[in-house]
Amino acid sequence: MPTKTRPVEKFAKTTAQCSVEAAAYGKCVVADYSSVHKDMCAKEFLRLKDCFLAASKKG
Amino acid sequence: MISLHTFRSGVPRRCLFAASTVRTYASQTAGNPMLEVFNRKTKHLQKDRAARNVEESRNVDYLKDEVAMRLCERLLDIKRDFPNVLDLGANSCNIARALTTPNLDTTAPEGVITPPLSKKISKITCADTSRALLHRDEDLDFNKEIDIHRDVIADLETLPYQPNTFDAVLSSLSIHWINDLPALLNQVNTILKPDCPFICAMFGGDTLFELRGSMQLADMERRGGVSPHVSPLADVKDVGSLLNRAGFKMLTVDVEDIVVEFPDTFALMQDLQSMGESNAIMHREAGPLSRDVLLANDAIYRALHKEEDAPGIPATFRMIYMIGWKEGKDQPQPLERGSGDVNLKDILGGGDFEKP
């Protein structure tokens with residue numbers, strides 16, 4: 001029987017391919033974490049998400 | 001309501017009085033209003049569901065087994081036999097397994113084999129709400145070495161035991177899901193025999209603080225608000241007064257941190273789920289976490305807590321161990337205030353607050 005990959009495992013693997021974008025996003029949020037508001041780092045997040053979507057198509 | 005009306009209309013008037021003595025609803029009585037924080041039904045389902053995947057569930061027992069071991073090490077200090085022991089919220093009977101482990105005593109000289117603690121215990125009752133989890137390991141070898149009874153109880157907050165029943169009550173990583181902790185501790189105190197100990201380990205205050213924080217930040221940044229993802233937990237400061245209030249004497253409370261390293265936040269959350277420890281707060285959001293928040297959370301967690309060269313991310317579990325004794329005759333008592341006749345200053349020296 002082929003082993004089943006759980007969706008979250010695939011999600012984790014795909015995320016791992018975008019470590020540069022993730023680091024940029026993380027840095028942006030953490031830089032001012034006492035006053036985080038909605039879409040504070042929208043630009044960085046979109047870049048991370050674009051990378052994630054592209055990686056999930058490949059995989 | 002509809003069926004009641006049709007029933008009443010067919011009944012002669014005389015009988016109505018008799019029927020009306022049966023109360024059909026209850027009103028809130030004054031006294032002890034209880035705050036429901038956790039959804040017990042959800043917790044029950046999560047535990048059952050997690051335990052049905054036997055292999056996965058056993059794989060993530062590392063934390064519960066470790067804490068059960070450390071809890072049992074505390075039992076070594078009590079030189080006494082325990083004919084009748086209760087394991088409250090037993091999960092998969094991790095305590096029973098730890099009790100049957102030989103050489104638990106790490107202070108014994110090397111080469112000396114110390115017998116397992118189960119030799120001192122005649123009968124252990126393991127009580128939990130989830131049948132699947134409680135009976136998961138009933139075919140394993142350790143069951144033969146200890147007289148173990150598995151009790152599936154409907155609710156961990158109302159214990160179906162008689163007063164003065166047990167020689168010790170143990171509990172490991174369970175009572176952090178209890179809504180009314182003071183009431184439970186009261187019950188534990190009641191079912192213990194006089195001068196018998198309650199030994200317990202629970203998740204406390206700073207457990208998973210990394211995840212709690214990064215989730216809040218991710219929620220704020222992505223959606224503009226926060227929703228509770230990690231349970232509120234009892235603080236070390238509160239535990240002493242909780243035990244005191246329930247009537248326990250000679251309290252010992254101590255704290256231990258266990259830091260586990262995970263490859264990413266998804267592995268951490270997956271393990272929590274397989275442990276049956278996922279979120280069961282009453283007013284949590286229905287449905288799974290949004291993918292955007294998950295993605296953001298992983299990035300923020302790494303940015304905040306990942307060490308430079310570490311391969312993974314740390315997750316802190318803070319364990320609060322507590323020991324309390326039920327009041328009994330001939331129990332050592334603290335001396336009365338002011339009855340000391342030796343000045344500690346004479347023994348320890350110093351003691352002046354004035355600057356030289």
# chains A, B, ... in the order shown; residues from 1 in each chain; ligands from 1

$ interface_residues --of "chain A" --to "chain B" --cutoff "9 Å" --atoms "only C-alpha atoms" --output "count of residues only"
28

$ residues_around --residues "Gly89 (chain B)" --least-positions-apart "5" --cutoff "9 Å" --atoms "only C-alpha atoms" --output "mmCIF file with N, CA and C atoms, in the first residue's frame"
data_model
loop_
_atom_site.group_PDB
_atom_site.id
_atom_site.type_symbol
_atom_site.label_atom_id
_atom_site.label_comp_id
_atom_site.auth_asym_id
_atom_site.auth_seq_id
_atom_site.Cartn_x
_atom_site.Cartn_y
_atom_site.Cartn_z
ATOM 1 N N CYS B 126 -7.353 3.251 36.819
ATOM 2 C CA CYS B 126 -7.076 4.299 35.855
ATOM 3 C C CYS B 126 -8.391 4.847 35.328
ATOM 4 N N ALA B 127 -8.669 6.100 35.600
ATOM 5 C CA ALA B 127 -9.943 6.679 35.187
ATOM 6 C C ALA B 127 -9.723 7.743 34.122
ATOM 7 N N ASP B 128 -10.493 7.655 33.048
ATOM 8 C CA ASP B 128 -10.471 8.690 32.024
ATOM 9 C C ASP B 128 -11.791 8.681 31.282
ATOM 10 N N THR B 129 -12.010 9.724 30.486
ATOM 11 C CA THR B 129 -13.298 9.797 29.792
ATOM 12 C C THR B 129 -13.278 9.076 28.445
ATOM 13 N N LEU B 156 -14.774 13.940 33.960
ATOM 14 C CA LEU B 156 -13.649 13.996 34.893
ATOM 15 C C LEU B 156 -13.926 14.962 36.043
ATOM 16 N N LEU B 170 -2.992 9.933 41.940
ATOM 17 C CA LEU B 170 -1.974 10.474 41.042
ATOM 18 C C LEU B 170 -2.693 11.059 39.834
ATOM 19 N N SER B 171 -2.062 12.042 39.198
ATOM 20 C CA SER B 171 -2.666 12.583 37.998
ATOM 21 C C SER B 171 -1.562 13.201 37.154
ATOM 22 N N SER B 172 -1.537 12.850 35.877
ATOM 23 C CA SER B 172 -0.474 13.352 35.024
ATOM 24 C C SER B 172 -1.040 13.949 33.745
ATOM 25 N N LEU B 173 -0.765 15.212 33.529
ATOM 26 C CA LEU B 173 -1.138 15.915 32.303
ATOM 27 C C LEU B 173 -2.584 15.687 31.883
ATOM 28 N N SER B 174 -3.491 15.957 32.770
ATOM 29 C CA SER B 174 -4.906 15.809 32.455
ATOM 30 C C SER B 174 -5.736 16.976 32.953
ATOM 31 N N ILE B 175 -5.414 17.440 34.160
ATOM 32 C CA ILE B 175 -6.355 18.361 34.771
ATOM 33 C C ILE B 175 -6.216 19.792 34.248
#

$ select_by_dssp --residues "region 8-150 of chain B" --states "alpha helix (DSSP H)" --output "JSON, numbers by chain"
{"B": [8, 9, 10, 13, 14, 15, 16, 17, 18, 19, 20, 40, 41, 42, 43, 44, 45, 46, 47, 48, 49, 50, 51, 52, 54, 55, 56, 57, 58, 59, 62, 63, 64, 65, 66, 67, 68, 69, 70, 71, 72, 73, 74, 75, 76, 94, 95, 96, 97, 98, 99, 131, 132, 133, 134]}

$ select_by_dssp --residues "region 6-252 of chain B" --states "strand (DSSP E)" --output "ChimeraX atom specification"
/B:82-88,121-128,148-152,168-172,197-203,248-252

$ closest_residue --among "B:Asp77, B:Pro334, B:Leu272, B:Thr125" --to "Ile95 (chain B)" --atoms "only C-alpha atoms"
B:Thr125
